[in-house]
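Peer 1: One file is attached below, input.txt, containing compact mmCIF, C-alpha atoms.
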```txt
# COMPACT_ATOMS: atom_id res chain seq x y z
CA MET A 11 153.80 115.61 76.48
CA GLY A 12 157.26 116.05 74.96
CA GLU A 13 158.95 113.68 72.56
CA ALA A 14 161.48 112.51 75.17
CA GLU A 15 158.71 111.90 77.69
CA THR A 16 156.73 109.89 75.18
CA GLY A 17 159.78 107.83 74.31
CA THR A 18 160.47 107.15 78.00
CA MET A 19 156.95 105.90 78.60
CA ILE A 20 157.08 103.67 75.55
CA GLY A 21 160.57 102.43 76.25
CA ARG A 22 159.64 101.30 79.73
CA ALA A 23 156.44 99.62 78.60
CA GLY A 24 158.17 97.91 75.69
CA SER A 25 161.42 96.83 77.31
CA ALA A 26 161.12 93.41 75.67
CA ASP A 27 161.37 94.89 72.17
CA ASP A 28 165.02 93.77 71.88
CA THR A 29 164.11 90.08 72.20
CA VAL A 30 160.64 89.95 70.66
CA PRO A 31 160.00 90.81 66.98
CA LEU A 32 158.19 94.10 66.53
CA VAL A 33 155.62 92.43 64.24
CA SER A 34 154.80 88.73 64.28
CA ARG A 35 154.63 86.60 61.14
CA ARG A 36 150.86 86.30 61.66
CA ALA A 37 150.54 90.09 61.77
CA VAL A 38 152.67 90.51 58.62
CA ILE A 39 150.45 88.08 56.71
CA THR A 40 147.36 89.91 57.94
CA LEU A 41 148.72 93.28 56.84
CA VAL A 42 149.62 91.93 53.41
CA VAL A 43 146.08 90.56 52.98
CA LEU A 44 144.54 93.84 54.11
CA VAL A 45 146.72 95.87 51.74
CA SER A 46 145.62 93.59 48.90
CA VAL A 47 141.97 94.10 49.83
CA LEU A 48 142.47 97.86 49.95
CA GLY A 49 144.16 97.82 46.55
CA ALA A 50 141.32 95.81 45.02
CA SER A 51 138.74 98.13 46.61
CA ALA A 52 140.56 101.20 45.28
CA MET A 53 140.70 99.78 41.76
CA LEU A 54 137.00 98.93 41.89
CA ARG A 55 136.24 102.47 43.04
CA LEU A 56 138.16 103.93 40.10
CA LEU A 57 136.29 101.67 37.67
CA VAL A 58 132.80 102.40 38.99
CA GLY A 59 131.00 105.60 38.15
CA GLY A 60 129.74 105.51 34.60
CA GLU A 61 128.10 102.92 32.40
CA GLY A 62 129.55 99.58 33.51
CA LEU A 63 133.11 99.15 34.78
CA ALA A 64 135.63 101.28 32.96
CA LEU A 65 138.42 103.71 33.71
CA PRO A 66 137.45 107.31 32.97
CA GLU A 67 138.72 108.91 29.79
CA MET A 68 138.34 112.54 30.86
CA ARG A 69 140.93 114.07 33.17
CA ALA A 70 138.26 115.85 35.21
CA ILE A 71 136.53 112.53 35.97
CA TRP A 72 139.87 111.01 36.95
CA GLU A 73 140.48 113.84 39.38
CA LEU A 74 137.02 113.53 40.93
CA ARG A 75 137.37 109.80 41.45
CA LEU A 76 140.88 110.08 42.84
CA GLU A 77 139.73 112.85 45.17
CA ARG A 78 136.81 110.76 46.39
CA LEU A 79 139.10 107.72 46.77
CA ALA A 80 141.53 109.76 48.88
CA SER A 81 138.66 111.02 51.01
CA GLY A 82 137.42 107.48 51.60
CA VAL A 83 140.89 106.25 52.58
CA ILE A 84 141.36 109.11 55.04
CA VAL A 85 137.91 108.72 56.60
CA GLY A 86 138.20 104.94 56.95
CA ALA A 87 141.74 105.07 58.36
CA SER A 88 140.75 107.77 60.86
CA LEU A 89 137.79 105.79 62.16
CA GLY A 90 139.77 102.54 62.29
CA ILE A 91 142.58 104.09 64.34
CA ALA A 92 140.12 105.93 66.59
CA GLY A 93 138.41 102.63 67.34
CA VAL A 94 141.72 101.02 68.39
CA LEU A 95 142.59 103.93 70.65
CA LEU A 96 139.21 103.94 72.37
CA GLN A 97 139.27 100.17 72.82
CA ALA A 98 142.70 100.44 74.44
CA LEU A 99 141.50 103.33 76.58
CA LEU A 100 138.40 101.49 77.80
CA ARG A 101 139.98 98.01 77.82
CA ASN A 102 136.96 96.90 75.84
CA PRO A 103 137.25 95.45 72.29
CA LEU A 104 133.65 96.50 71.60
CA ALA A 105 134.19 100.24 72.15
CA SER A 106 133.91 102.62 69.19
CA PRO A 107 134.13 106.34 68.30
CA ASP A 108 130.33 106.48 68.28
CA LEU A 109 130.25 105.51 71.96
CA LEU A 110 131.46 108.87 73.26
CA GLY A 111 129.01 111.10 71.41
CA LEU A 112 131.56 112.70 69.07
CA ALA A 113 129.56 112.00 65.91
CA SER A 114 126.36 113.19 67.58
CA GLY A 115 128.14 116.34 68.72
CA ALA A 116 129.33 117.02 65.20
CA GLY A 117 125.82 116.47 63.85
CA LEU A 118 124.45 118.95 66.37
CA GLY A 119 127.05 121.52 65.37
CA VAL A 120 126.14 121.18 61.70
CA MET A 121 122.42 121.39 62.44
CA VAL A 122 122.97 124.54 64.50
CA SER A 123 124.85 125.94 61.49
CA PHE A 124 121.91 125.18 59.22
CA GLY A 125 119.54 126.76 61.72
CA LEU A 126 121.57 129.94 61.97
CA GLY A 127 121.93 129.96 58.20
CA ALA A 128 118.15 129.75 57.81
CA ILE A 129 117.78 132.73 60.10
CA ALA A 130 120.50 134.79 58.41
CA GLY A 131 119.56 133.78 54.87
CA THR A 132 121.61 132.20 52.10
CA VAL A 133 124.61 134.46 52.74
CA GLY A 134 124.74 133.46 56.38
CA SER A 135 124.42 129.79 55.45
CA ALA A 136 127.31 130.03 53.01
CA LEU A 137 129.49 131.74 55.59
CA LEU A 138 128.75 129.21 58.32
CA GLY A 139 129.28 126.05 56.25
CA THR A 140 129.72 122.66 57.91
CA THR A 141 133.44 122.30 58.60
CA GLY A 142 133.79 124.65 61.54
CA PRO A 143 130.54 123.60 63.23
CA ALA A 144 131.37 119.90 62.81
CA ILE A 145 134.77 120.34 64.46
CA ALA A 146 133.32 122.54 67.20
CA GLY A 147 130.55 120.03 67.91
CA SER A 148 132.91 117.03 68.03
CA LEU A 149 135.49 118.71 70.21
CA GLY A 150 132.77 120.25 72.38
CA ALA A 151 131.35 116.79 73.08
CA LEU A 152 134.91 115.56 73.67
CA ALA A 153 135.58 118.32 76.20
CA ILE A 154 132.35 117.64 78.10
CA VAL A 155 132.93 113.89 78.27
CA TYR A 156 136.57 114.35 79.24
CA ALA A 157 135.80 116.88 81.98
CA LEU A 158 132.99 114.84 83.54
CA SER A 159 134.80 111.48 83.42
CA GLN A 160 138.00 112.55 85.20
CA HIS A 161 138.72 111.43 88.75
CA ARG A 162 141.87 112.69 90.48
CA GLY A 163 143.56 113.38 87.18
CA PHE A 164 142.66 110.03 85.62
CA VAL A 165 140.08 109.32 82.92
CA ASP A 166 137.98 106.57 84.50
CA PRO A 167 136.68 104.17 81.77
CA VAL A 168 133.31 103.39 83.43
CA PRO A 169 132.13 107.01 83.89
CA LEU A 170 133.57 107.71 80.44
CA ILE A 171 131.13 105.26 78.84
CA LEU A 172 128.15 106.51 80.85
CA VAL A 173 128.86 110.19 80.18
CA GLY A 174 129.51 109.48 76.49
CA VAL A 175 126.17 107.71 76.06
CA ILE A 176 124.30 110.50 77.85
CA VAL A 177 126.03 113.22 75.79
CA SER A 178 125.22 111.29 72.61
CA ILE A 179 121.52 111.01 73.52
CA ILE A 180 121.27 114.70 74.42
CA ALA A 181 123.07 115.82 71.25
CA SER A 182 120.90 113.56 69.06
CA ALA A 183 117.72 114.87 70.67
CA ALA A 184 118.83 118.49 70.20
CA THR A 185 119.70 117.75 66.57
CA LEU A 186 116.22 116.35 65.89
CA LEU A 187 114.64 119.35 67.62
CA ILE A 188 116.52 121.88 65.49
CA GLN A 189 115.94 119.81 62.34
CA ASN A 190 112.19 119.87 62.87
CA LEU A 191 112.24 123.63 63.43
CA LEU A 192 113.98 124.32 60.11
CA PRO A 193 111.81 125.53 57.19
CA ASP A 194 112.67 122.46 55.09
CA ARG A 195 112.61 120.08 58.08
CA GLY A 196 116.36 119.70 57.74
CA LEU A 197 116.25 117.99 54.36
CA SER A 198 119.33 119.90 53.24
CA ALA A 199 121.36 118.35 56.07
CA GLY A 200 119.67 114.95 56.11
CA ARG A 201 122.05 113.20 53.71
CA TRP A 202 125.13 114.52 55.49
CA MET A 203 123.73 113.25 58.80
CA LEU A 204 123.56 109.70 57.39
CA GLY A 205 127.22 109.78 56.38
CA SER A 206 128.38 110.14 52.79
CA LEU A 207 131.44 111.16 50.79
CA ARG A 208 130.94 114.07 48.46
CA ASP A 209 132.39 115.25 45.17
CA GLY A 210 134.33 118.48 45.13
CA THR A 211 135.80 118.27 48.64
CA PRO A 212 138.07 121.31 49.14
CA GLY A 213 141.72 120.44 48.81
CA TRP A 214 142.63 122.09 52.10
CA GLN A 215 140.20 119.78 53.90
CA LEU A 216 141.72 116.67 52.36
CA TRP A 217 145.27 117.80 53.08
CA GLY A 218 144.44 118.95 56.60
CA VAL A 219 142.54 115.84 57.70
CA GLY A 220 145.01 113.62 55.85
CA ALA A 221 147.96 115.18 57.70
CA LEU A 222 146.10 114.83 61.01
CA THR A 223 145.43 111.16 60.29
CA LEU A 224 149.05 110.47 59.30
CA VAL A 225 150.51 112.16 62.39
CA SER A 226 147.97 110.46 64.68
CA ALA A 227 148.71 107.07 63.10
CA ALA A 228 152.46 107.50 63.62
CA TRP A 229 151.96 108.58 67.22
CA SER A 230 149.57 105.68 67.85
CA VAL A 231 152.09 103.17 66.48
CA ARG A 232 154.74 104.69 68.75
CA LEU A 233 152.41 104.26 71.73
CA GLY A 234 151.81 100.59 70.85
CA PRO A 235 153.93 99.03 73.66
CA ALA A 236 152.38 101.37 76.23
CA MET A 237 148.88 100.35 75.08
CA ASP A 238 149.94 96.69 75.33
CA ALA A 239 151.02 97.25 78.92
CA SER A 240 147.87 99.23 79.76
CA ALA A 241 145.81 96.11 78.99
CA LEU A 242 147.12 94.74 82.30
CA SER A 243 145.78 95.87 85.65
CA ASP A 244 146.47 99.47 86.67
CA ASP A 245 149.09 98.40 89.24
CA GLU A 246 150.89 96.15 86.74
CA ALA A 247 150.86 98.82 84.03
CA ILE A 248 152.21 101.45 86.41
CA GLY A 249 154.78 98.93 87.64
CA VAL A 250 156.31 98.61 84.15
CA GLY A 251 156.55 102.38 83.77
CA VAL A 252 153.30 103.38 82.03
CA ARG A 253 151.88 106.72 83.14
CA LEU A 254 148.26 105.68 82.82
CA GLY A 255 146.68 109.09 83.37
CA LEU A 256 148.81 110.69 80.68
CA LEU A 257 148.40 107.76 78.28
CA ARG A 258 144.60 107.75 78.64
CA ALA A 259 144.43 111.50 78.05
CA ILE A 260 146.54 111.19 74.88
CA LEU A 261 144.45 108.30 73.56
CA PHE A 262 141.26 110.20 74.28
CA VAL A 263 142.38 113.39 72.52
CA LEU A 264 143.78 111.55 69.49
CA ALA A 265 140.57 109.52 69.12
CA GLY A 266 138.49 112.69 69.36
CA LEU A 267 140.52 114.54 66.74
CA LEU A 268 140.46 111.59 64.34
CA THR A 269 136.70 111.23 64.70
CA ALA A 270 136.18 114.96 64.19
CA GLY A 271 138.31 114.87 61.04
CA SER A 272 136.33 112.00 59.57
CA VAL A 273 133.05 113.75 60.34
CA VAL A 274 134.26 116.88 58.56
CA LEU A 275 134.88 114.91 55.36
CA ALA A 276 131.94 112.51 55.39
CA GLY A 277 129.61 113.09 58.29
CA PRO A 278 128.96 110.39 60.90
CA ILE A 279 129.70 106.89 59.55
CA GLY A 280 129.00 104.05 61.95
CA PHE A 281 130.50 100.61 62.60
CA VAL A 282 133.86 101.27 60.89
CA GLY A 283 135.64 102.03 64.15
CA LEU A 284 133.88 99.14 65.84
CA VAL A 285 134.16 96.24 63.41
CA CYS A 286 137.58 96.85 61.82
CA PRO A 287 139.73 96.79 65.00
CA HIS A 288 137.86 93.73 66.24
CA LEU A 289 138.34 91.91 62.94
CA VAL A 290 142.05 92.79 62.74
CA ARG A 291 142.55 91.69 66.34
CA LEU A 292 141.13 88.27 65.49
CA MET A 293 143.41 88.00 62.44
CA ALA A 294 146.67 89.56 63.68
CA GLY A 295 146.53 89.21 67.45
CA PRO A 296 146.27 91.77 70.28
CA ALA A 297 149.59 93.62 69.83
CA HIS A 298 148.72 97.28 69.27
CA ARG A 299 151.36 98.29 66.73
CA PRO A 300 150.10 95.96 63.97
CA LEU A 301 146.56 96.51 65.26
CA VAL A 302 146.77 100.26 64.61
CA ILE A 303 148.21 99.77 61.12
CA GLY A 304 145.83 96.95 60.23
CA SER A 305 142.74 98.80 61.48
CA ALA A 306 143.69 101.87 59.45
CA ILE A 307 144.01 99.74 56.30
CA ALA A 308 140.84 97.77 57.02
CA GLY A 309 138.86 100.92 57.73
CA ALA A 310 140.08 102.54 54.52
CA ALA A 311 139.18 99.41 52.52
CA LEU A 312 135.70 99.23 54.06
CA VAL A 313 134.82 102.88 53.34
CA VAL A 314 136.28 102.77 49.80
CA LEU A 315 134.39 99.55 49.03
CA ALA A 316 131.18 101.01 50.45
CA ASP A 317 131.65 104.10 48.27
CA ALA A 318 132.12 101.88 45.21
CA LEU A 319 128.85 100.12 46.04
CA VAL A 320 127.15 103.48 46.49
CA LYS A 321 128.17 104.46 42.97
CA ALA A 322 127.19 101.06 41.55
CA ILE A 323 123.74 100.84 43.17
CA GLU A 324 121.11 103.19 41.80
CA VAL A 325 117.84 103.77 43.61
CA PRO A 326 114.90 105.94 42.46
CA THR A 327 115.56 108.53 45.16
CA GLY A 328 119.28 108.91 44.41
CA ARG A 329 122.47 107.42 45.79
CA LEU A 330 122.50 105.57 49.10
CA PRO A 331 124.53 107.18 51.91
CA ILE A 332 127.67 105.29 52.87
CA GLY A 333 126.56 105.27 56.49
CA VAL A 334 123.58 103.11 55.54
CA LEU A 335 125.76 100.52 53.78
CA THR A 336 128.35 100.34 56.57
CA THR A 337 125.56 99.78 59.07
CA VAL A 338 123.79 97.15 56.96
CA VAL A 339 127.07 95.31 56.31
CA GLY A 340 128.85 96.06 59.57
CA GLY A 341 125.95 95.18 61.87
CA PRO A 342 125.63 91.49 60.90
CA VAL A 343 129.42 91.11 60.67
CA PHE A 344 129.78 92.52 64.16
CA ILE A 345 127.09 90.16 65.50
CA VAL A 346 128.97 87.19 64.00
CA LEU A 347 132.25 88.39 65.52
CA LEU A 348 130.63 88.99 68.89
CA ARG A 349 129.01 85.56 68.84
CA ARG A 350 132.35 83.98 67.92
CA GLU A 351 134.07 85.72 70.82
CA MET A 352 131.35 84.65 73.25
CA VAL A 353 131.56 81.01 72.14
CA GLY A 354 135.34 81.12 72.33
CA GLY A 355 135.17 82.56 75.82
CA ARG A 356 132.98 79.69 77.07
CA SER A 357 135.09 76.93 75.50
```
Take the structure in the file and give it back as structure tokens.
Peer 2:
Amino acid sequence: MGEAETGTMIGRAGSADDTVPLVSRRAVITLVVLVSVLGASAMLRLLVGGEGLALPEMRAIWELRLERLASGVIVGASLGIAGVLLQALLRNPLASPDLLGLASGAGLGVMVSFGLGAIAGTVGSALLGTTGPAIAGSLGALAIVYALSQHRGFVDPVPLILVGVIVSIIASAATLLIQNLLPDRGLSAGRWMLGSLRDGTPGWQLWGVGALTLVSAAWSVRLGPAMDASALSDDEAIGVGVRLGLLRAILFVLAGLLTAGSVVLAGPIGFVGLVCPHLVRLMAGPAHRPLVIGSAIAGAALVVLADALVKAIEVPTGRLPIGVLTTVVGGPVFIVLLRREMVGGRS
């Protein structure tokens, strides 16, 4: 879709922009609070890592912590935005990037890489790596779900959910099968599969995924009025000028690319794309422009804070994966939010 075409779709859907403020006072306050939380989380992450809380004295340690902080911000923002896009696509505030099997597809791609590496030896393993297979697995799952959920040129939300769940189950089962066939039972890939940031991430990965996240965030903010209109019925959305088929395809592709980028940097991390958009929606309201920005900030803060806790908590077997902490923290929080929404819906 061209720039002019995108602007036309958004202009029609957001024709009231001249009389209604782009961001409400409530949304501004929410964004300020979230930025403050992100800043505090980033400072804590820079302090944690050695004995007690202290800023590093060596330049090399500074660079490692800053690199890991940047990775956490990018991963969290990607997952937060992807969650908003999928929830707008499915018209369901409980949708998440994990729902469509993208993380499971990436895990399968990485496990296939490890399997082929085991067959080819250490040289083959080094050549295969995890980046290419993770992207191929995520986008492969995306292509399958997208192809099977289309109906007359439209991405139908109900088949999309069903196909995504089935693809996720199949990919997870295939991953476990390959893992059990590996000589080391997949121990070398086990930590990555649980989701974790790593030291020494190649600069080109950070720059590449960071640029993808920034461009996707800007495009998502631009599509905000169209996503607002798409929350109406199909006839009403089309009546105000939204091309639903095109909008849904764009949201789907952007969400898939963002999820794939996050998996490349940190593996599959759950609940970030589910809890953060829901929490920001409760705080800032349903308008999608502040929702995209707020979810990106909230996701970044959650992943950075989880990484700080990972560095602060020592266990006999090593560091905990971030995916474990986000699930332990995000699960109960999500239950509370879900319960609050259910009670509010009955009142």
Peer 1: Do a neighbour search on stretch 148-154 of chain A at 9 Å with only C-alpha atoms, toss out local chain neighbours closer than 6 positions, and write the hits as a ChimeraX atom specification.
Peer 2: /A:110-119,173-174,177-178,181,262-263,266-267,269-270,273
Peer 1: Mind giving me the straight-line distance from atom CA of A:Leu216 to atom CA of A:Ala306 in Å, one decimal?
Peer 2: 16.5 Å
Peer 1: For A:Pro212, list every protein, DNA or RNA residue within 12 Å, evaluated using all atoms listed in the file, and leave out those in the same chain fewer than 3 positions away; present the list as a ChimeraX atom specification.
Peer 2: /A:74,77-78,81,141,208-209,215-219,274-275
Peer 1: Which one of A:Leu224, A:Ala146, A:Ile332, A:Leu261 sits closest to A:Ser240 if you count all atoms listed in the file?
Peer 2: A:Leu261
Peer 1: For A:His288, please output as a ChimeraX atom specification all residues within 8 Å (counting only C-alpha atoms; exclusion window: fewer than 4 positions along the same chain).
Peer 2: /A:103-104,284,292,347
Peer 1: Could you list as a JSON list (two decimals) with C-alpha atoms, keeping the file's coordinate frame every residue that has an atom within 6 Å of (117.2, 123.6, 61.6), using the file's coordinates and counting all atoms listed in the file?
Peer 2:
```
[["chain", "number", "residue", "atom", "x", "y", "z"],
["A", 121, "MET", "CA", 122.42, 121.39, 62.44],
["A", 124, "PHE", "CA", 121.91, 125.18, 59.22],
["A", 125, "GLY", "CA", 119.54, 126.76, 61.72],
["A", 188, "ILE", "CA", 116.52, 121.88, 65.49],
["A", 189, "GLN", "CA", 115.94, 119.81, 62.34],
["A", 191, "LEU", "CA", 112.24, 123.63, 63.43],
["A", 192, "LEU", "CA", 113.98, 124.32, 60.11],
["A", 196, "GLY", "CA", 116.36, 119.70, 57.74]]
```
